[in-house]
file upload-v5.txt (compact mmCIF, C-alpha atoms)
# COMPACT_ATOMS: atom_id res chain seq x y z
CA VAL I 7 18.82 -14.66 4.71
CA LYS I 8 21.29 -12.84 2.50
CA ALA I 9 20.47 -9.17 2.82
CA ASP I 10 22.04 -6.41 0.78
CA TYR I 11 22.66 -4.31 3.86
CA GLY I 12 22.36 -4.42 7.62
CA LEU I 13 21.30 -1.65 10.01
CA GLU I 14 21.95 -2.06 13.71
CA CYS I 15 19.85 0.26 15.84
CA GLU I 16 22.69 1.37 18.13
CA GLY I 17 26.34 2.33 18.04
CA GLY I 18 25.75 5.63 16.29
CA GLY I 19 23.30 8.41 16.95
CA GLY I 20 22.75 12.11 16.52
CA LYS I 21 25.29 13.30 13.97
CA HIS I 22 27.44 10.15 14.26
CA LEU I 23 27.15 7.14 11.96
CA SER I 24 28.94 4.01 13.13
CA ILE I 25 30.85 2.20 10.40
CA ALA I 26 33.04 0.25 12.83
CA HIS I 27 33.16 -0.87 16.44
CA LYS I 28 35.71 -2.14 18.93
CA GLY I 29 35.80 -5.71 20.09
CA VAL I 30 36.24 -6.87 23.68
CA ILE I 31 37.94 -9.49 25.82
CA TRP I 32 36.75 -10.17 29.35
CA PHE I 33 39.43 -11.67 31.56
CA GLU I 34 39.02 -13.10 35.04
CA VAL I 35 42.21 -13.00 37.10
CA GLU I 36 42.34 -15.06 40.29
CA VAL I 37 45.26 -14.54 42.66
CA LYS I 38 45.98 -17.31 45.14
CA GLY I 39 47.39 -16.89 48.64
CA GLU I 40 47.39 -18.76 51.94
CA SER I 41 44.95 -18.00 54.73
CA CYS I 42 45.84 -17.69 58.40
CA HIS I 43 44.74 -15.74 61.48
CA ALA I 44 45.11 -11.98 61.12
CA SER I 45 47.08 -11.80 64.37
CA ARG I 46 49.80 -13.83 62.63
CA PRO I 47 49.78 -12.50 59.05
CA PHE I 48 53.36 -13.64 58.53
CA MET I 49 52.11 -17.23 58.59
CA GLY I 50 50.15 -16.80 55.39
CA VAL I 51 50.14 -15.07 52.00
CA ASN I 52 47.74 -12.18 51.52
CA ALA I 53 46.12 -12.72 48.11
CA PHE I 54 44.58 -9.24 48.15
CA GLU I 55 47.95 -7.56 48.59
CA LYS I 56 49.46 -9.67 45.81
CA ALA I 57 46.53 -8.78 43.56
CA ALA I 58 47.03 -5.10 44.36
CA ALA I 59 50.67 -5.39 43.33
CA LEU I 60 49.63 -7.07 40.08
CA VAL I 61 47.09 -4.31 39.36
CA MET I 62 49.82 -1.70 39.79
CA GLU I 63 52.06 -3.68 37.45
CA LEU I 64 49.26 -3.78 34.86
CA GLU I 65 49.54 -0.01 34.56
CA LYS I 66 52.69 -0.65 32.51
CA LEU I 67 50.66 -2.72 30.07
CA ARG I 68 47.99 -0.01 29.92
CA LYS I 69 50.69 2.53 29.03
CA LYS I 70 51.96 0.27 26.25
CA TRP I 71 48.47 -0.21 24.83
CA SER I 72 47.75 3.52 24.97
CA LYS I 73 50.31 4.05 22.21
CA ARG I 74 48.19 2.10 19.72
CA ARG I 75 45.80 4.08 17.53
CA THR I 76 42.91 3.22 15.25
CA LYS I 77 42.65 4.67 11.75
CA PHE I 78 38.92 5.27 12.21
CA ALA I 79 37.46 8.57 13.37
CA THR I 80 35.93 8.63 16.86
CA VAL I 81 33.47 10.79 18.77
CA ASP I 82 36.08 11.45 21.47
CA PRO I 83 39.87 11.48 20.86
CA ARG I 84 40.30 9.31 23.97
CA MET I 85 38.50 6.49 22.12
CA VAL I 86 41.21 6.01 19.49
CA THR I 87 43.23 3.66 21.71
CA PRO I 88 42.48 0.30 23.31
CA THR I 89 41.10 0.65 26.84
CA MET I 90 41.33 -1.51 29.95
CA VAL I 91 38.99 -1.43 32.95
CA ILE I 92 40.18 -3.39 35.97
CA GLY I 93 37.87 -4.56 38.76
CA GLY I 94 34.41 -4.33 37.24
CA VAL I 95 33.86 -7.40 39.39
CA HIS I 96 36.15 -8.14 42.33
CA LYS I 97 35.84 -10.45 45.31
CA GLY I 98 37.79 -12.43 47.86
CA GLY I 99 38.29 -12.96 51.56
CA VAL I 100 35.90 -14.51 54.07
CA LYS I 101 36.35 -12.55 57.31
CA ILE I 102 38.04 -9.40 58.60
CA ASN I 103 40.41 -11.28 60.91
CA VAL I 104 41.48 -13.85 58.30
CA VAL I 105 44.25 -13.28 55.77
CA PRO I 106 42.55 -13.77 52.37
CA ASP I 107 43.73 -16.79 50.42
CA SER I 108 42.01 -15.71 47.20
CA CYS I 109 41.36 -12.47 45.35
CA LEU I 110 39.55 -12.29 42.03
CA PHE I 111 39.12 -9.35 39.68
CA THR I 112 37.98 -8.88 36.12
CA VAL I 113 39.54 -6.97 33.23
CA ASP I 114 37.57 -5.44 30.35
CA ARG I 115 39.91 -4.95 27.39
CA ARG I 116 38.50 -3.16 24.33
CA VAL I 117 40.05 -4.27 21.05
CA LEU I 118 40.66 -2.05 18.02
CA PRO I 119 39.59 -3.24 14.53
CA GLU I 120 43.31 -3.28 13.66
CA GLU I 121 44.12 -5.69 16.50
CA ASN I 122 43.79 -9.47 16.74
CA ILE I 123 41.79 -11.01 19.61
CA LYS I 124 44.04 -14.07 20.00
CA ALA I 125 47.20 -11.96 19.92
CA VAL I 126 45.87 -9.66 22.67
CA ILE I 127 44.96 -12.66 24.84
CA THR I 128 48.44 -14.11 24.42
CA GLU I 129 49.98 -10.74 25.20
CA PHE I 130 47.96 -10.33 28.41
CA LYS I 131 48.65 -13.84 29.70
CA ALA I 132 52.37 -13.49 28.99
CA PHE I 133 52.47 -10.21 30.90
CA VAL I 134 50.85 -11.81 33.97
CA LYS I 135 53.34 -14.69 33.80
CA ARG I 136 56.22 -12.23 33.79
CA ALA I 137 54.64 -10.42 36.72
CA GLU I 138 54.61 -13.67 38.70
CA LYS I 139 58.40 -13.80 38.42
CA LYS I 140 58.73 -10.15 39.35
CA ILE I 141 56.36 -9.98 42.34
CA PRO I 142 57.45 -12.31 45.19
CA GLY I 143 54.76 -14.83 46.13
CA LEU I 144 52.38 -13.92 43.30
CA LYS I 145 50.38 -16.82 41.88
CA ALA I 146 47.75 -15.78 39.33
CA ASN I 147 45.45 -17.70 37.03
CA VAL I 148 43.98 -15.96 33.98
CA ARG I 149 40.73 -17.11 32.41
CA VAL I 150 39.01 -15.68 29.35
CA ILE I 151 35.30 -15.29 30.13
CA MET I 152 34.11 -13.89 26.82
CA THR I 153 35.32 -12.36 23.57
CA ALA I 154 33.61 -10.30 20.87
CA ASP I 155 35.38 -9.48 17.63
CA PRO I 156 35.68 -5.91 16.36
CA ALA I 157 34.08 -5.15 13.00
CA ALA I 158 34.31 -2.49 10.31
CA ILE I 159 33.33 -1.57 6.80
CA ASN I 160 35.15 0.83 4.51
CA PRO I 161 34.21 4.40 5.52
CA LYS I 162 33.60 5.06 1.81
CA HIS I 163 31.29 2.07 1.36
CA LYS I 164 28.15 2.65 -0.72
CA LEU I 165 25.98 1.82 2.31
CA ALA I 166 27.53 4.66 4.31
CA ASP I 167 26.97 7.00 1.35
CA ILE I 168 23.29 6.03 1.09
CA PHE I 169 22.70 6.56 4.82
CA SER I 170 24.60 9.85 4.79
CA GLU I 171 22.39 11.13 1.99
CA ALA I 172 19.27 10.02 3.87
CA TYR I 173 20.51 11.79 6.98
CA LYS I 174 21.18 14.93 4.95
CA GLN I 175 17.61 14.95 3.66
CA VAL I 176 16.40 15.12 7.28
CA THR I 177 19.00 17.46 8.79
CA GLY I 178 20.56 19.33 5.88
CA GLU I 179 24.05 18.11 6.75
CA LYS I 180 26.15 14.93 6.51
CA PRO I 181 26.81 12.67 9.54
CA LEU I 182 30.33 11.91 10.75
CA ARG I 183 31.45 8.34 10.07
CA VAL I 184 32.97 7.00 13.28
CA MET I 185 33.98 3.90 15.20
CA SER I 186 31.85 2.97 18.20
CA PRO I 187 33.85 2.21 21.38
CA GLY I 188 31.31 -0.45 22.39
CA PHE I 189 31.02 -3.88 20.80
CA MET I 190 27.87 -4.55 18.75
CA ASP I 191 25.93 -7.31 17.01
CA MET I 192 27.13 -5.68 13.81
CA ARG I 193 30.05 -8.09 14.02
CA PHE I 194 27.84 -11.10 13.28
CA LEU I 195 26.54 -9.57 10.07
CA VAL I 196 29.84 -8.14 8.84
CA ASN I 197 32.31 -10.82 9.96
CA TYR I 198 30.26 -14.00 9.61
CA ALA I 199 27.41 -13.31 7.18
CA GLY I 200 29.36 -10.97 4.90
CA ILE I 201 26.61 -8.33 5.02
CA PRO I 202 27.78 -4.69 5.00
CA THR I 203 26.32 -3.09 8.13
CA ILE I 204 26.16 0.29 9.84
CA GLY I 205 25.07 1.29 13.31
CA TYR I 206 22.65 4.12 14.02
CA GLY I 207 19.99 4.61 16.69
CA PRO I 208 18.27 7.19 18.89
CA GLY I 209 21.34 7.57 21.05
CA GLY I 210 21.03 8.12 24.76
CA LEU I 211 22.32 9.63 27.97
CA ARG I 212 24.34 8.14 30.85
CA PHE I 213 24.96 4.72 29.30
CA HIS I 214 25.06 1.95 31.95
CA GLY I 215 24.61 4.60 34.65
CA ASP I 216 21.80 5.88 36.83
CA ASP I 217 18.84 7.27 34.90
CA GLU I 218 19.98 5.89 31.55
CA SER I 219 17.61 7.40 29.03
CA THR I 220 16.97 8.91 25.63
CA GLU I 221 14.88 11.89 24.57
CA VAL I 222 11.64 12.00 22.60
CA ALA I 223 13.23 14.41 20.12
CA MET I 224 16.03 11.92 19.53
CA LEU I 225 13.49 9.16 18.85
CA GLU I 226 11.64 11.35 16.38
CA HIS I 227 14.85 12.32 14.60
CA CYS I 228 15.91 8.67 14.38
CA ALA I 229 12.53 7.58 12.99
CA LYS I 230 12.66 10.25 10.27
CA THR I 231 16.22 9.27 9.37
CA TYR I 232 15.28 5.58 9.16
CA ALA I 233 12.34 6.40 6.89
CA SER I 234 14.56 8.44 4.59
CA PHE I 235 17.17 5.67 4.58
CA PHE I 236 14.66 2.94 3.64
CA VAL I 237 13.36 5.05 0.75
CA ASN I 238 16.92 5.70 -0.47
CA CYS I 239 17.77 1.99 -0.33
CA ARG I 240 15.19 1.13 -3.00
call {"tool": "encode", "arguments": {"input": "upload-v5.txt", "output": "structure tokens"}}
result
Amino acid sequence: VKADYGLECEGGGGKHLSIAHKGVIWFEVEVKGESCHASRPFMGVNAFEKAAALVMELEKLRKKWSKRRTKFATVDPRMVTPTMVIGGVHKGGVKINVVPDSCLFTVDRRVLPEENIKAVITEFKAFVKRAEKKIPGLKANVRVIMTADPAAINPKHKLADIFSEAYKQVTGEKPLRVMSPGFMDMRFLVNYAGIPTIGYGPGGLRFHGDDESTEVAMLEHCAKTYASFFVNCR
């Protein structure tokens, strides 16, 4: 199917229209050690402690990445940079009185539309390799679990103009054209199918947290905006 336009039902909401989104790389970092009895810790290598040292070293990489900025507007000024979340999943060790010989943690790295996925992966792996030489006894393996490309259309694209006008008919004002910090299926339409796409939905509260929800009023507003948009697309 070759559509004129695509509309993804998330990414934007309320007064925000998503015309771009960040990509993501999920890394799995496994630090290897050597187990032994806890009464003789000097006989082994504590993988958890080595992993902790690596995590502290990664703060330098976070600081470097924080200097990068996107050209797209964002809902929150803290969203203009790449972000890194360490330890969304972490595990290791088998027993309290055994020095852990393995420690695994994940890294969620959000990628700006201006960045390149492969380049960021290379950069991260090279940093860990350098850390191995810097931290005595550190042995770390990096594996890429998943990647999702960022995507964007020109903020002045006709599609964004049509939706903005539809939104104005419902609210009396124009929406703000922003980049979503989350990755979306918009990337498949824009990057692979060549279909200009925007993101807009009912929005919500407490994303990925307890009591994640939306409000009836937000659903009603979204439905009216969709209806206006479909009429304007004719």
call {"tool": "atom_distance", "arguments": {"input": "upload-v5.txt", "atom1": "atom CA of I:Asn122", "atom2": "atom CA of I:Leu60"}}
result
24.2 Å
call {"tool": "closest_residue", "arguments": {"input": "upload-v5.txt", "among": "I:Val126, I:Ile141, I:Cys239, I:Ala59", "to": "I:Phe33", "atoms": "all atoms listed in the file"}}
result
I:Val126
call {"tool": "closest_residue", "arguments": {"input": "upload-v5.txt", "among": "I:Lys101, I:Lys145, I:His22, I:Arg116", "to": "I:Lys38", "atoms": "all atoms listed in the file"}}
result
I:Lys145
call {"tool": "closest_residue", "arguments": {"input": "upload-v5.txt", "among": "I:Arg240, I:Gly143, I:Lys56, I:Gly205", "to": "I:Pro187", "atoms": "only C-alpha atoms"}}
result
I:Gly205
call {"tool": "closest_residue", "arguments": {"input": "upload-v5.txt", "among": "I:Leu64, I:Cys42, I:Ile123, I:Ala154", "to": "I:Met90", "atoms": "all atoms listed in the file"}}
result
I:Leu64
call {"tool": "atom_distance", "arguments": {"input": "upload-v5.txt", "atom1": "atom CA of I:Met192", "atom2": "atom CA of I:Trp71"}}
result
24.6 Å
call {"tool": "residues_near_point", "arguments": {"input": "upload-v5.txt", "point": "(32.6, -20.9, 30.5)", "cutoff": "12 Å", "atoms": "only C-alpha atoms", "output": "ChimeraX atom specification"}}
result
/I:32-34,149-153
call {"tool": "closest_residue", "arguments": {"input": "upload-v5.txt", "among": "I:Val105, I:Leu182, I:Ala132, I:Cys228", "to": "I:Lys21", "atoms": "only C-alpha atoms"}}
result
I:Leu182
call {"tool": "residues_around", "arguments": {"input": "upload-v5.txt", "residues": "I:Leu118", "least_positions_apart": "6", "cutoff": "12 Å", "atoms": "all atoms listed in the file", "output": "ChimeraX atom specification"}}
result
/I:26-31,71-72,74-78,80,85-90,126,154-158,185-189
call {"tool": "residues_around", "arguments": {"input": "upload-v5.txt", "residues": "I:His163", "least_positions_apart": "6", "cutoff": "12 Å", "atoms": "all atoms listed in the file", "output": "list in words"}}
result
Tyr11, Ile25, Ala26, Phe169, Ser170, Arg183, Ile201, Pro202, Thr203 and Ile204 of chain I
call {"tool": "atom_distance", "arguments": {"input": "upload-v5.txt", "atom1": "atom CA of I:Ala146", "atom2": "atom CA of I:Phe133"}}
result
11.2 Å
call {"tool": "closest_residue", "arguments": {"input": "upload-v5.txt", "among": "I:Gly178, I:Pro142, I:Phe54, I:Val35", "to": "I:Asp114", "atoms": "all atoms listed in the file"}}
result
I:Val35
call {"tool": "residues_around", "arguments": {"input": "upload-v5.txt", "residues": "I:Tyr206", "least_positions_apart": "3", "cutoff": "9 Å", "atoms": "all atoms listed in the file", "output": "ChimeraX atom specification"}}
result
/I:13-20,22-24,209,228,232
call {"tool": "build_atoms", "arguments": {"input": "upload-v5.txt", "residues": "stretch 133-144 of chain I", "atoms": "all heavy atoms", "output": "short mmCIF file (atom, residue, chain, number, x, y, z; two decimals), keeping the file's coordinate frame"}}
result
data_model
loop_
_atom_site.label_atom_id
_atom_site.label_comp_id
_atom_site.auth_asym_id
_atom_site.auth_seq_id
_atom_site.Cartn_x
_atom_site.Cartn_y
_atom_site.Cartn_z
N PHE I 133 52.12 -11.29 29.97
CA PHE I 133 52.47 -10.21 30.90
C PHE I 133 52.26 -10.65 32.34
O PHE I 133 53.09 -10.39 33.22
CB PHE I 133 51.61 -8.97 30.61
CG PHE I 133 51.97 -7.78 31.46
CD1 PHE I 133 52.92 -6.86 31.02
CD2 PHE I 133 51.37 -7.58 32.69
CE1 PHE I 133 53.27 -5.77 31.82
CE2 PHE I 133 51.71 -6.49 33.49
CZ PHE I 133 52.67 -5.58 33.05
N VAL I 134 51.13 -11.33 32.61
CA VAL I 134 50.85 -11.81 33.97
C VAL I 134 51.90 -12.84 34.40
O VAL I 134 52.33 -12.84 35.56
CB VAL I 134 49.43 -12.40 34.06
CG1 VAL I 134 49.20 -13.05 35.43
CG2 VAL I 134 48.39 -11.30 33.82
N LYS I 135 52.31 -13.70 33.48
CA LYS I 135 53.34 -14.69 33.80
C LYS I 135 54.64 -14.01 34.18
O LYS I 135 55.33 -14.44 35.13
CB LYS I 135 53.55 -15.62 32.60
CG LYS I 135 52.51 -16.69 32.43
CD LYS I 135 52.51 -17.66 33.62
CE LYS I 135 51.47 -18.75 33.44
NZ LYS I 135 51.42 -19.63 34.64
N ARG I 136 55.00 -12.97 33.46
CA ARG I 136 56.22 -12.23 33.79
C ARG I 136 56.08 -11.54 35.14
O ARG I 136 57.05 -11.45 35.91
CB ARG I 136 56.54 -11.20 32.70
CG ARG I 136 56.99 -11.82 31.38
CD ARG I 136 57.63 -10.78 30.47
NE ARG I 136 56.69 -9.74 30.09
CZ ARG I 136 55.88 -9.80 29.04
NH1 ARG I 136 55.89 -10.88 28.27
NH2 ARG I 136 55.07 -8.81 28.75
N ALA I 137 54.88 -11.07 35.44
CA ALA I 137 54.64 -10.42 36.72
C ALA I 137 54.80 -11.40 37.88
O ALA I 137 55.25 -11.01 38.97
CB ALA I 137 53.23 -9.81 36.74
N GLU I 138 54.44 -12.65 37.66
CA GLU I 138 54.61 -13.67 38.70
C GLU I 138 56.08 -13.81 39.10
O GLU I 138 56.40 -14.03 40.27
CB GLU I 138 54.08 -15.02 38.23
CG GLU I 138 52.57 -15.13 38.23
CD GLU I 138 52.09 -16.52 37.84
OE1 GLU I 138 52.61 -17.09 36.85
OE2 GLU I 138 51.20 -17.04 38.52
N LYS I 139 56.97 -13.69 38.13
CA LYS I 139 58.40 -13.80 38.42
C LYS I 139 58.95 -12.54 39.08
O LYS I 139 59.95 -12.58 39.79
CB LYS I 139 59.16 -14.07 37.12
CG LYS I 139 58.78 -15.39 36.45
CD LYS I 139 59.54 -15.58 35.15
CE LYS I 139 59.16 -16.90 34.48
NZ LYS I 139 59.88 -17.10 33.19
N LYS I 140 58.27 -11.44 38.84
CA LYS I 140 58.73 -10.15 39.35
C LYS I 140 58.22 -9.85 40.75
O LYS I 140 58.92 -9.22 41.56
CB LYS I 140 58.30 -9.04 38.39
CG LYS I 140 58.85 -7.67 38.71
CD LYS I 140 58.47 -6.68 37.62
CE LYS I 140 59.07 -5.31 37.89
NZ LYS I 140 58.72 -4.34 36.83
N ILE I 141 56.98 -10.27 41.05
CA ILE I 141 56.36 -9.98 42.34
C ILE I 141 56.48 -11.22 43.23
O ILE I 141 55.86 -12.25 42.93
CB ILE I 141 54.88 -9.60 42.17
CG1 ILE I 141 54.75 -8.37 41.27
CG2 ILE I 141 54.22 -9.34 43.52
CD1 ILE I 141 53.33 -8.03 40.86
N PRO I 142 57.25 -11.15 44.32
CA PRO I 142 57.45 -12.31 45.19
C PRO I 142 56.13 -12.87 45.73
O PRO I 142 55.29 -12.13 46.23
CB PRO I 142 58.30 -11.75 46.33
CG PRO I 142 58.99 -10.57 45.74
CD PRO I 142 58.00 -9.97 44.79
N GLY I 143 55.94 -14.18 45.57
CA GLY I 143 54.76 -14.83 46.13
C GLY I 143 53.50 -14.72 45.30
O GLY I 143 52.45 -15.24 45.69
N LEU I 144 53.57 -14.07 44.13
CA LEU I 144 52.38 -13.92 43.30
C LEU I 144 52.09 -15.20 42.53
O LEU I 144 52.96 -15.73 41.82
CB LEU I 144 52.55 -12.76 42.32
CG LEU I 144 51.44 -12.59 41.27
CD1 LEU I 144 50.11 -12.24 41.95
CD2 LEU I 144 51.81 -11.54 40.24
#
